Each structure stands twice: as C-alpha cells, then as structure tokens.
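Shown below: final-v6.txt, with compact mmCIF, C-alpha atoms.
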# COMPACT_ATOMS: atom_id res chain seq x y z
CA MET A 1 16.20 4.43 65.62
CA SER A 2 18.51 6.81 63.74
CA ASP A 3 17.27 10.39 63.36
CA ARG A 4 17.04 10.04 59.60
CA LYS A 5 15.04 6.81 59.82
CA ALA A 6 12.81 8.20 62.55
CA GLU A 7 12.06 11.24 60.41
CA LEU A 8 11.16 9.02 57.42
CA ALA A 9 8.93 6.92 59.67
CA ARG A 10 7.10 9.97 61.01
CA GLU A 11 6.66 11.17 57.43
CA PHE A 12 5.21 7.76 56.45
CA ILE A 13 2.49 8.06 59.12
CA ARG A 14 1.82 11.74 58.39
CA MET A 15 1.09 10.73 54.79
CA ILE A 16 -1.69 8.31 55.82
CA PRO A 17 -4.84 10.25 56.80
CA HIS A 18 -6.45 7.31 58.64
CA SER A 19 -3.31 6.57 60.67
CA GLN A 20 -3.24 10.22 61.61
CA ALA A 21 -6.93 10.12 62.57
CA LEU A 22 -6.07 7.31 65.02
CA ASP A 23 -2.99 9.26 66.24
CA MET A 24 -0.60 6.38 65.38
CA ARG A 25 3.09 6.69 66.22
CA ILE A 26 6.00 4.62 64.86
CA ASP A 27 8.07 3.43 67.83
CA GLU A 28 10.50 1.27 65.89
CA ILE A 29 11.12 0.37 62.25
CA GLY A 30 13.72 -1.36 60.09
CA GLU A 31 14.86 -4.67 58.59
CA GLY A 32 11.30 -5.92 58.02
CA LEU A 33 10.21 -5.20 61.59
CA ALA A 34 7.87 -2.43 62.71
CA GLU A 35 6.31 -1.33 65.98
CA ILE A 36 3.44 1.18 65.88
CA SER A 37 1.22 2.31 68.74
CA MET A 38 -1.89 4.42 69.27
CA PRO A 39 -3.43 5.98 72.37
CA TYR A 40 -6.69 4.85 73.98
CA ASP A 41 -9.47 7.09 72.66
CA ALA A 42 -13.15 7.17 73.73
CA ARG A 43 -14.16 7.65 70.06
CA LEU A 44 -12.88 4.13 69.32
CA ILE A 45 -14.99 2.31 71.92
CA GLY A 46 -16.74 -0.76 70.51
CA ASP A 47 -18.48 -1.95 73.68
CA PRO A 48 -20.12 0.99 75.47
CA GLN A 49 -20.74 -1.05 78.63
CA SER A 50 -17.08 -1.95 79.21
CA GLY A 51 -15.31 0.88 77.35
CA VAL A 52 -13.20 -1.63 75.39
CA ILE A 53 -11.79 -0.43 72.03
CA HIS A 54 -13.48 -1.88 68.91
CA GLY A 55 -11.64 -4.72 67.18
CA GLY A 56 -11.81 -2.75 63.95
CA ALA A 57 -9.49 -0.06 65.35
CA VAL A 58 -7.03 -2.78 66.36
CA SER A 59 -7.29 -4.14 62.78
CA ALA A 60 -6.40 -0.73 61.38
CA LEU A 61 -3.34 -0.57 63.65
CA MET A 62 -2.22 -4.12 62.73
CA ASP A 63 -2.76 -3.48 59.00
CA THR A 64 -0.72 -0.26 59.09
CA CYS A 65 2.02 -1.97 61.10
CA GLY A 66 2.09 -4.94 58.67
CA GLY A 67 2.43 -2.61 55.70
CA ALA A 68 5.20 -0.66 57.46
CA ALA A 69 7.10 -3.91 58.18
CA VAL A 70 6.93 -4.82 54.46
CA MET A 71 8.09 -1.36 53.40
CA SER A 72 11.04 -1.53 55.80
CA HIS A 73 12.27 -4.89 54.42
CA PRO A 74 15.87 -4.72 53.15
CA SER A 75 14.73 -5.73 49.63
CA ALA A 76 13.09 -2.28 49.52
CA PRO A 77 9.65 -2.71 47.91
CA ALA A 78 8.38 0.41 46.13
CA GLY A 79 4.91 -0.06 47.59
CA THR A 80 2.57 -2.58 49.19
CA ALA A 81 -1.13 -3.35 49.66
CA THR A 82 -2.89 -5.93 51.83
CA ILE A 83 -4.01 -9.12 50.05
CA ASP A 84 -5.50 -10.73 53.14
CA LEU A 85 -5.35 -10.29 56.89
CA ARG A 86 -6.57 -12.65 59.59
CA ILE A 87 -6.86 -11.41 63.15
CA ASP A 88 -7.40 -13.53 66.25
CA TYR A 89 -8.81 -11.57 69.18
CA MET A 90 -7.38 -13.17 72.30
CA ARG A 91 -8.65 -10.85 75.02
CA PRO A 92 -10.20 -7.37 75.36
CA ALA A 93 -7.61 -4.57 75.54
CA THR A 94 -7.67 -2.87 78.94
CA PRO A 95 -9.55 0.47 78.65
CA GLY A 96 -7.34 3.52 79.11
CA GLN A 97 -4.12 1.83 77.95
CA ARG A 98 -2.08 2.52 74.80
CA ILE A 99 -2.21 -0.27 72.17
CA THR A 100 1.01 -1.34 70.46
CA ALA A 101 1.32 -3.54 67.37
CA ARG A 102 4.56 -5.30 66.42
CA ALA A 103 4.79 -6.80 62.92
CA GLU A 104 7.47 -8.87 61.23
CA CYS A 105 7.78 -9.47 57.49
CA TYR A 106 9.21 -13.00 57.86
CA HIS A 107 9.34 -13.93 54.19
CA ILE A 108 9.27 -12.00 50.95
CA THR A 109 9.24 -13.10 47.30
CA ARG A 110 9.29 -11.00 44.13
CA SER A 111 5.58 -10.36 44.44
CA VAL A 112 4.32 -11.39 47.90
CA ALA A 113 5.29 -10.51 51.47
CA PHE A 114 4.24 -12.66 54.45
CA VAL A 115 3.65 -10.94 57.78
CA ARG A 116 3.00 -11.92 61.39
CA ALA A 117 1.87 -9.38 63.96
CA THR A 118 0.77 -9.11 67.59
CA ALA A 119 -1.05 -6.34 69.43
CA MET A 120 -0.45 -5.60 73.10
CA ASP A 121 -1.64 -3.21 75.79
CA ALA A 122 0.48 -2.22 78.83
CA ASP A 123 0.87 -5.91 79.78
CA ARG A 124 3.13 -6.99 76.92
CA SER A 125 3.32 -10.58 78.18
CA ARG A 126 -0.34 -11.22 77.31
CA PRO A 127 -1.09 -10.17 73.70
CA VAL A 128 -4.51 -8.70 72.93
CA ALA A 129 -4.60 -9.95 69.33
CA ALA A 130 -2.49 -11.82 66.78
CA ALA A 131 -2.56 -11.46 63.01
CA THR A 132 -1.14 -13.08 59.89
CA GLY A 133 -1.32 -11.48 56.49
CA ALA A 134 -0.12 -11.52 52.91
CA PHE A 135 0.81 -8.25 51.22
CA THR A 136 1.59 -7.35 47.60
CA VAL A 137 5.13 -6.30 46.71
CA GLU A 138 5.35 -3.48 44.17
CA ARG A 139 8.80 -3.45 42.58
CA PRO A 140 10.31 -0.31 41.05
CA LYS A 141 9.60 -0.25 37.28
CA GLU A 142 12.22 -2.30 35.44
CA LYS A 143 13.83 -0.92 32.33
CA ALA A 144 12.40 -2.23 29.05
CA LYS A 145 14.59 -4.88 27.46
CA MET B 1 -63.90 -15.91 62.59
CA SER B 2 -62.10 -13.20 64.52
CA ARG B 3 -58.45 -12.23 63.91
CA ARG B 4 -56.48 -9.48 65.54
CA PRO B 5 -56.18 -6.65 63.06
CA PRO B 6 -52.61 -6.17 61.78
CA GLU B 7 -50.57 -3.44 63.48
CA PRO B 8 -50.51 -0.09 61.63
CA VAL B 9 -47.44 0.08 59.39
CA GLN B 10 -46.11 3.20 61.11
CA VAL B 11 -46.12 1.47 64.50
CA ILE B 12 -44.12 -1.44 63.10
CA LYS B 13 -41.62 0.82 61.34
CA GLN B 14 -41.15 3.05 64.37
CA ARG B 15 -40.45 0.04 66.57
CA ARG B 16 -37.93 -1.51 64.17
CA ASP B 17 -36.16 1.74 63.37
CA ALA B 18 -35.92 2.62 67.08
CA ALA B 19 -34.26 -0.73 67.80
CA LEU B 20 -31.78 -0.38 64.93
CA ASN B 21 -31.03 3.20 65.91
CA ALA B 22 -30.32 2.27 69.53
CA LEU B 23 -28.09 -0.61 68.42
CA VAL B 24 -26.03 1.36 65.88
CA HIS B 25 -25.76 4.72 67.62
CA GLY B 26 -24.87 3.19 70.97
CA VAL B 27 -21.37 2.29 69.68
CA PRO B 28 -18.95 5.28 69.53
CA TYR B 29 -16.60 3.63 66.99
CA ILE B 30 -19.45 3.20 64.46
CA GLY B 31 -20.04 6.94 64.71
CA PHE B 32 -16.30 7.65 64.40
CA LEU B 33 -16.20 5.84 61.03
CA GLY B 34 -19.58 7.35 60.05
CA ILE B 35 -21.25 4.00 59.27
CA GLU B 36 -25.05 3.98 58.85
CA PHE B 37 -27.49 1.14 58.21
CA ASP B 38 -30.29 0.97 55.68
CA ARG B 39 -33.17 -1.37 56.63
CA ARG B 40 -35.61 -3.18 54.33
CA GLY B 41 -37.72 -5.47 56.55
CA ASP B 42 -35.11 -7.43 58.47
CA GLU B 43 -32.42 -6.99 55.79
CA LEU B 44 -29.62 -4.55 56.63
CA THR B 45 -27.16 -2.83 54.30
CA ALA B 46 -24.23 -1.03 55.92
CA ILE B 47 -23.13 2.23 54.32
CA LEU B 48 -19.70 3.81 54.78
CA PRO B 49 -19.91 7.37 53.39
CA PHE B 50 -16.56 8.49 52.01
CA ASP B 51 -14.47 10.73 54.21
CA GLU B 52 -10.90 12.02 53.84
CA LYS B 53 -9.87 10.47 57.16
CA LEU B 54 -10.64 6.95 55.83
CA ILE B 55 -7.80 7.15 53.28
CA GLY B 56 -4.86 4.76 53.71
CA ASN B 57 -2.96 5.48 50.50
CA PRO B 58 -3.06 9.13 49.49
CA MET B 59 -1.12 8.49 46.24
CA LEU B 60 -3.79 6.30 44.60
CA PRO B 61 -5.91 7.37 46.59
CA ALA B 62 -7.46 4.32 48.31
CA LEU B 63 -9.40 3.50 51.48
CA HIS B 64 -7.28 2.21 54.37
CA GLY B 65 -7.26 -1.60 54.60
CA GLY B 66 -7.93 -1.29 58.30
CA VAL B 67 -11.02 0.84 57.60
CA THR B 68 -12.32 -1.84 55.24
CA ALA B 69 -11.67 -4.54 57.87
CA ALA B 70 -13.42 -2.44 60.52
CA PHE B 71 -16.38 -1.68 58.22
CA LEU B 72 -16.93 -5.39 57.45
CA GLU B 73 -16.50 -6.35 61.12
CA VAL B 74 -19.05 -3.74 62.23
CA THR B 75 -21.45 -5.06 59.56
CA ALA B 76 -21.05 -8.62 60.88
CA ILE B 77 -21.51 -7.68 64.57
CA ILE B 78 -24.55 -5.47 63.95
CA GLY B 79 -26.01 -8.11 61.61
CA LEU B 80 -25.70 -10.78 64.31
CA SER B 81 -27.08 -8.55 67.08
CA TRP B 82 -29.93 -7.50 64.84
CA THR B 83 -31.15 -11.09 64.41
CA LEU B 84 -31.08 -11.53 68.21
CA ILE B 85 -32.96 -8.29 68.82
CA TRP B 86 -35.42 -8.89 65.97
CA ASP B 87 -36.86 -12.06 67.48
CA GLN B 88 -37.16 -10.54 70.96
CA MET B 89 -38.70 -7.37 69.54
CA GLU B 90 -41.23 -9.05 67.26
CA SER B 91 -42.36 -11.44 70.02
CA GLY B 92 -42.93 -8.46 72.33
CA ASP B 93 -40.26 -9.53 74.88
CA LEU B 94 -38.26 -6.37 74.24
CA ASP B 95 -39.58 -2.83 73.90
CA PRO B 96 -37.17 -0.97 71.60
CA LEU B 97 -38.53 2.42 72.61
CA THR B 98 -36.96 1.96 76.05
CA LEU B 99 -33.56 0.80 74.73
CA THR B 100 -30.47 2.80 75.69
CA PRO B 101 -26.79 1.88 75.22
CA GLN B 102 -26.88 0.70 78.86
CA THR B 103 -29.94 -1.54 78.46
CA LEU B 104 -29.12 -2.97 75.02
CA PRO B 105 -28.38 -6.70 74.87
CA ARG B 106 -24.59 -7.35 75.00
CA LEU B 107 -22.89 -7.50 71.59
CA PRO B 108 -21.29 -10.68 70.19
CA LYS B 109 -17.48 -10.78 70.64
CA THR B 110 -15.20 -11.35 67.67
CA ILE B 111 -13.11 -14.53 67.96
CA ASP B 112 -11.35 -14.15 64.62
CA PHE B 113 -11.86 -12.17 61.45
CA THR B 114 -10.31 -12.74 58.00
CA VAL B 115 -10.51 -10.12 55.27
CA ASP B 116 -9.85 -10.68 51.56
CA TYR B 117 -8.91 -7.51 49.75
CA LEU B 118 -10.12 -8.04 46.19
CA ARG B 119 -9.63 -4.54 44.77
CA SER B 120 -8.39 -1.30 46.23
CA GLY B 121 -11.13 0.70 47.94
CA LEU B 122 -11.96 3.74 45.83
CA PRO B 123 -12.41 7.17 47.42
CA ARG B 124 -16.22 6.97 47.46
CA ASP B 125 -19.03 5.35 49.49
CA ALA B 126 -18.86 1.64 50.28
CA TYR B 127 -21.63 -0.82 51.11
CA ALA B 128 -21.72 -4.17 52.90
CA ARG B 129 -24.10 -6.95 53.79
CA ALA B 130 -23.61 -9.80 56.24
CA ARG B 131 -24.85 -13.37 55.79
CA ILE B 132 -25.08 -15.49 58.91
CA ASN B 133 -24.00 -18.97 57.87
CA ARG B 134 -24.43 -20.48 61.28
CA SER B 135 -25.65 -19.06 64.55
CA GLY B 136 -25.68 -21.36 67.56
CA ARG B 137 -26.18 -20.74 71.26
CA ARG B 138 -22.46 -19.98 71.79
CA TYR B 139 -20.79 -19.52 68.41
CA ALA B 140 -21.66 -17.92 65.08
CA SER B 141 -20.01 -17.85 61.66
CA VAL B 142 -20.67 -14.83 59.46
CA HIS B 143 -19.66 -13.93 55.91
CA VAL B 144 -19.62 -10.30 54.78
CA GLU B 145 -19.50 -8.84 51.27
CA GLY B 146 -18.36 -5.29 50.59
CA TRP B 147 -18.82 -3.38 47.33
CA GLN B 148 -18.76 0.14 45.94
CA ASP B 149 -20.18 0.99 42.51
CA ASN B 150 -21.29 -2.45 41.36
CA ARG B 151 -23.00 -4.96 43.63
CA ALA B 152 -21.44 -7.85 41.69
CA ARG B 153 -17.87 -6.48 41.83
CA LEU B 154 -16.86 -6.95 45.47
CA TYR B 155 -13.92 -4.88 46.67
CA ALA B 156 -13.57 -6.96 49.83
CA GLN B 157 -15.11 -9.94 51.59
CA ALA B 158 -14.62 -11.35 55.06
CA THR B 159 -15.43 -14.32 57.28
CA GLY B 160 -15.53 -14.13 61.04
CA HIS B 161 -16.35 -16.25 64.05
CA PHE B 162 -18.12 -14.74 67.02
CA LEU B 163 -18.86 -15.63 70.62
CA MET B 164 -22.54 -15.00 71.27
CA PRO B 165 -23.64 -13.05 74.35
CA PRO B 166 -25.17 -15.21 77.11
CA GLN B 167 -28.94 -15.56 76.58
CA ASN B 168 -31.32 -15.30 79.53
CA ALA B 169 -33.45 -18.42 80.06

Have the structure of the file written as structure tokens, please.
Amino acid sequence: MSDRKAELAREFIRMIPHSQALDMRIDEIGEGLAEISMPYDARLIGDPQSGVIHGGAVSALMDTCGGAAVMSHPSAPAGTATIDLRIDYMRPATPGQRITARAECYHITRSVAFVRATAMDADRSRPVAAATGAFTVERPKEKAK
Amino acid sequence: MSRRPPEPVQVIKQRRDAALNALVHGVPYIGFLGIEFDRRGDELTAILPFDEKLIGNPMLPALHGGVTAAFLEVTAIIGLSWTLIWDQMESGDLDPLTLTPQTLPRLPKTIDFTVDYLRSGLPRDAYARARINRSGRRYASVHVEGWQDNRARLYAQATGHFLMPPQNA
C-alpha cells in the first residue's frame, strides 16, 4: 500500500466511531478490494462459556470491509450504504486470535455495488464466516442540464 | 373444590426478571453495545440506547450497519433462548434465582443471518422484536423487526437460521 493510500485508509477508519470502538485496522485497500482486521477483545464475547466473539461483531467488521471495498472501486463512488448483507457463520472464531475480513466489490453499476467477503482468524485456510451484500452507489452530483 | 392459590404477582415477576437478567447480562457483547430488554409477560422488546460509538457514518450521521446487524442478531438469539428458558422456568424445572453465566442453558448458534437495511439508522434509540417462525429440536428460523420513532416504519429487518443447543432428555 502506498503511503498516501495508507494514510487515506487510516483516515477513513478514524472517521467511523464504531470502527474505532472495535479497533479496526485497514491492512490493504484498492481496486475494489479491501482487507480490514480487528483484535480479539473480551468485551466482544458472545458465548461466555467458550469465550468466542459474538457474530454481531464479525458482522460489523464485514460490513465495514464491504463498504471500504466499494469506496475503493476504480469508478470512485462518492459514498455508499448497505442495502442488504447476508452472513453465513461457518465455524466459531478461535478465542484470542485477530479476525480479518477480506471483501471484493465484484460488480458495480451506476447505482448498485455487489460485494463478496470472507472473515478469517489466524488459520486463513478455514474461513470463519462468508458474506454477500448489495450496497448503494452515491455518484457525485451531476451538473444540471 | 380445592385449587392451589395463584402465586403472588411479585414472586412471578421476580422469577421472570431474574431469568431475563441472567440471560442478557451474562453476555459481554450485549453490554458493550448497551442493549437492554423490556419484558411484558413473555414478550420481549430489545432497546439499543443511542451512543456516539454506534455511529458508522459521521457525516449524516447514521448508525453503523454492523451495529444494526448485531442488534437484530442479539434480539433473535435472546428471543429464542427466552422461549427455551420460559418453559423450563414456568414448569419449575429451572430455578432462575440460581442462574449464573456458567449455569445458563447454552445459547443457540447462528447459522446465517440476512439483514435488510430499509432506512438509515438515525442517531437515537432503536427498538427490535423477534418473531420465531419455526423452532424445532435442532433448527429455528427467526424474523426480527427494528424500528426507531414509529413502530410501523421499520429501519431494518432480518431473518436468521439458528442451531438449537442440545436439550437434555
């Protein structure tokens, strides 16, 4: 990641209070692809008996990562919002390990962006969750004709 | 004709509130988001009090989509667990006053969860209710509605499938 791009990416996360609350970090971004991770945190536990992170926190990570992928698409949307997001939980994330989401904006039209994402813990070969979503595409205001 | 007198209302309320309290406050993430539950008989309404850290778009401002997803998922899981606990509690099989996070019944596990974002979440309190459309021995299907100012104007809805915890017996 170039310094300039990395700085913009850090700024993007700093601007989002909830992403900051979860201590998210952009590891990679550009060309409709984004990778964002967050540390394991005892405040995010969803199952007190096993210490596994709540699915909702993984949703927040995947949603942020999906939005970042859309924003980084070469067609340069001015903004985006989630229309729908479906998450499949494949296995519990291992307690204590960082969770990383990787999202790809694989198709974009004038008004809709389609995104696929996966979430992984330290064992990247066995994803923790998979998601598909549709996002709005806000275009910069066109000049009146 | 002799009937057992009904239990005093305070005894019933204390039992039910203790069970709900143990269920909700045993999960750290529910506390992190600040979600509380309002109970009327067996009906639950989830409440997400507004907080600055729930914001996802500071320009609008709007609630984070991930917060909304998490709020609806918590509502579904607690709603499902509550129906399991309710029956055990009312039949006397489970004493809620002895419940701790360690002795609570295991929670259902989310298989998949789909959220529809109908409007942007405004920077104020949100509410949600879960409807269990089907609850079998192994699987359950739950629909959740989320709203803010007007009950009829949903800001989000969700459907999820859940794996039920193993039942003894």

Neighbour list for A:Ala81 as a ChimeraX atom specification, cut-off 8 Å, only C-alpha atoms, skip fewer than 6 positions in-chain: /A:67,135-137

Would you give me, as a compact mmCIF listing (two decimals) with C-alpha atoms, in the coordinates of the input, the residues of chain B that come within 10 Å of chain A, using only C-alpha atoms?
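Printed below is result-v9.txt as written:
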# COMPACT_ATOMS: atom_id res chain seq x y z
CA GLY B 26 -24.87 3.19 70.97
CA VAL B 27 -21.37 2.29 69.68
CA PRO B 28 -18.95 5.28 69.53
CA TYR B 29 -16.60 3.63 66.99
CA ILE B 30 -19.45 3.20 64.46
CA GLY B 31 -20.04 6.94 64.71
CA PHE B 32 -16.30 7.65 64.40
CA LEU B 33 -16.20 5.84 61.03
CA ASP B 51 -14.47 10.73 54.21
CA GLU B 52 -10.90 12.02 53.84
CA LYS B 53 -9.87 10.47 57.16
CA LEU B 54 -10.64 6.95 55.83
CA ILE B 55 -7.80 7.15 53.28
CA GLY B 56 -4.86 4.76 53.71
CA ASN B 57 -2.96 5.48 50.50
CA PRO B 58 -3.06 9.13 49.49
CA MET B 59 -1.12 8.49 46.24
CA LEU B 63 -9.40 3.50 51.48
CA HIS B 64 -7.28 2.21 54.37
CA GLY B 65 -7.26 -1.60 54.60
CA GLY B 66 -7.93 -1.29 58.30
CA VAL B 67 -11.02 0.84 57.60
CA THR B 68 -12.32 -1.84 55.24
CA ALA B 69 -11.67 -4.54 57.87
CA ALA B 70 -13.42 -2.44 60.52
CA PHE B 71 -16.38 -1.68 58.22
CA LEU B 72 -16.93 -5.39 57.45
CA GLU B 73 -16.50 -6.35 61.12
CA VAL B 74 -19.05 -3.74 62.23
CA PRO B 101 -26.79 1.88 75.22
CA GLN B 102 -26.88 0.70 78.86
CA THR B 103 -29.94 -1.54 78.46
CA LEU B 104 -29.12 -2.97 75.02
CA ARG B 106 -24.59 -7.35 75.00
CA LEU B 107 -22.89 -7.50 71.59
CA PRO B 108 -21.29 -10.68 70.19
CA LYS B 109 -17.48 -10.78 70.64
CA THR B 110 -15.20 -11.35 67.67
CA ILE B 111 -13.11 -14.53 67.96
CA ASP B 112 -11.35 -14.15 64.62
CA PHE B 113 -11.86 -12.17 61.45
CA THR B 114 -10.31 -12.74 58.00
CA VAL B 115 -10.51 -10.12 55.27
CA ASP B 116 -9.85 -10.68 51.56
CA TYR B 117 -8.91 -7.51 49.75
CA LEU B 118 -10.12 -8.04 46.19
CA ARG B 119 -9.63 -4.54 44.77
CA SER B 120 -8.39 -1.30 46.23
CA ALA B 156 -13.57 -6.96 49.83
CA GLN B 157 -15.11 -9.94 51.59
CA ALA B 158 -14.62 -11.35 55.06
CA THR B 159 -15.43 -14.32 57.28
CA GLY B 160 -15.53 -14.13 61.04
CA HIS B 161 -16.35 -16.25 64.05

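Closest approach to A:Val52 among A:Ser111, A:Thr94, A:Ser37, A:Ser72 is made by A:Thr94 (distances from all atoms listed in the file).
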
Straight-line distance linking atom CA of B:Phe50 with atom CA of B:Phe37, stated in Å to one decimal: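 Result for atom CA of B:Phe50 versus atom CA of B:Phe37: 14.6 Å, one decimal.
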
Of the candidates B:Asn133, B:Asn21, B:Leu163, B:Arg15, which one gets nearest to B:Leu94 if we count all atoms listed in the file?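 When distances to B:Leu94 are compared using all atoms listed in the file, the smallest one comes from B:Arg15.
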
Quick one, how far is atom CA of A:Leu8 from atom CA of A:Ile29?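 Rounded to one decimal, the two atoms are 9.9 Å apart.
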
Between atom CA of A:Glu35 and atom CA of B:Pro123, what is the spacing in Å? 27.7 Å

Just the residues within 8 Å of A:Ala122, please, counting all atoms listed in the file, with nothing from its chain fewer than 3 positions along; format it as a PyMOL selection string. chain A and resi 97-99
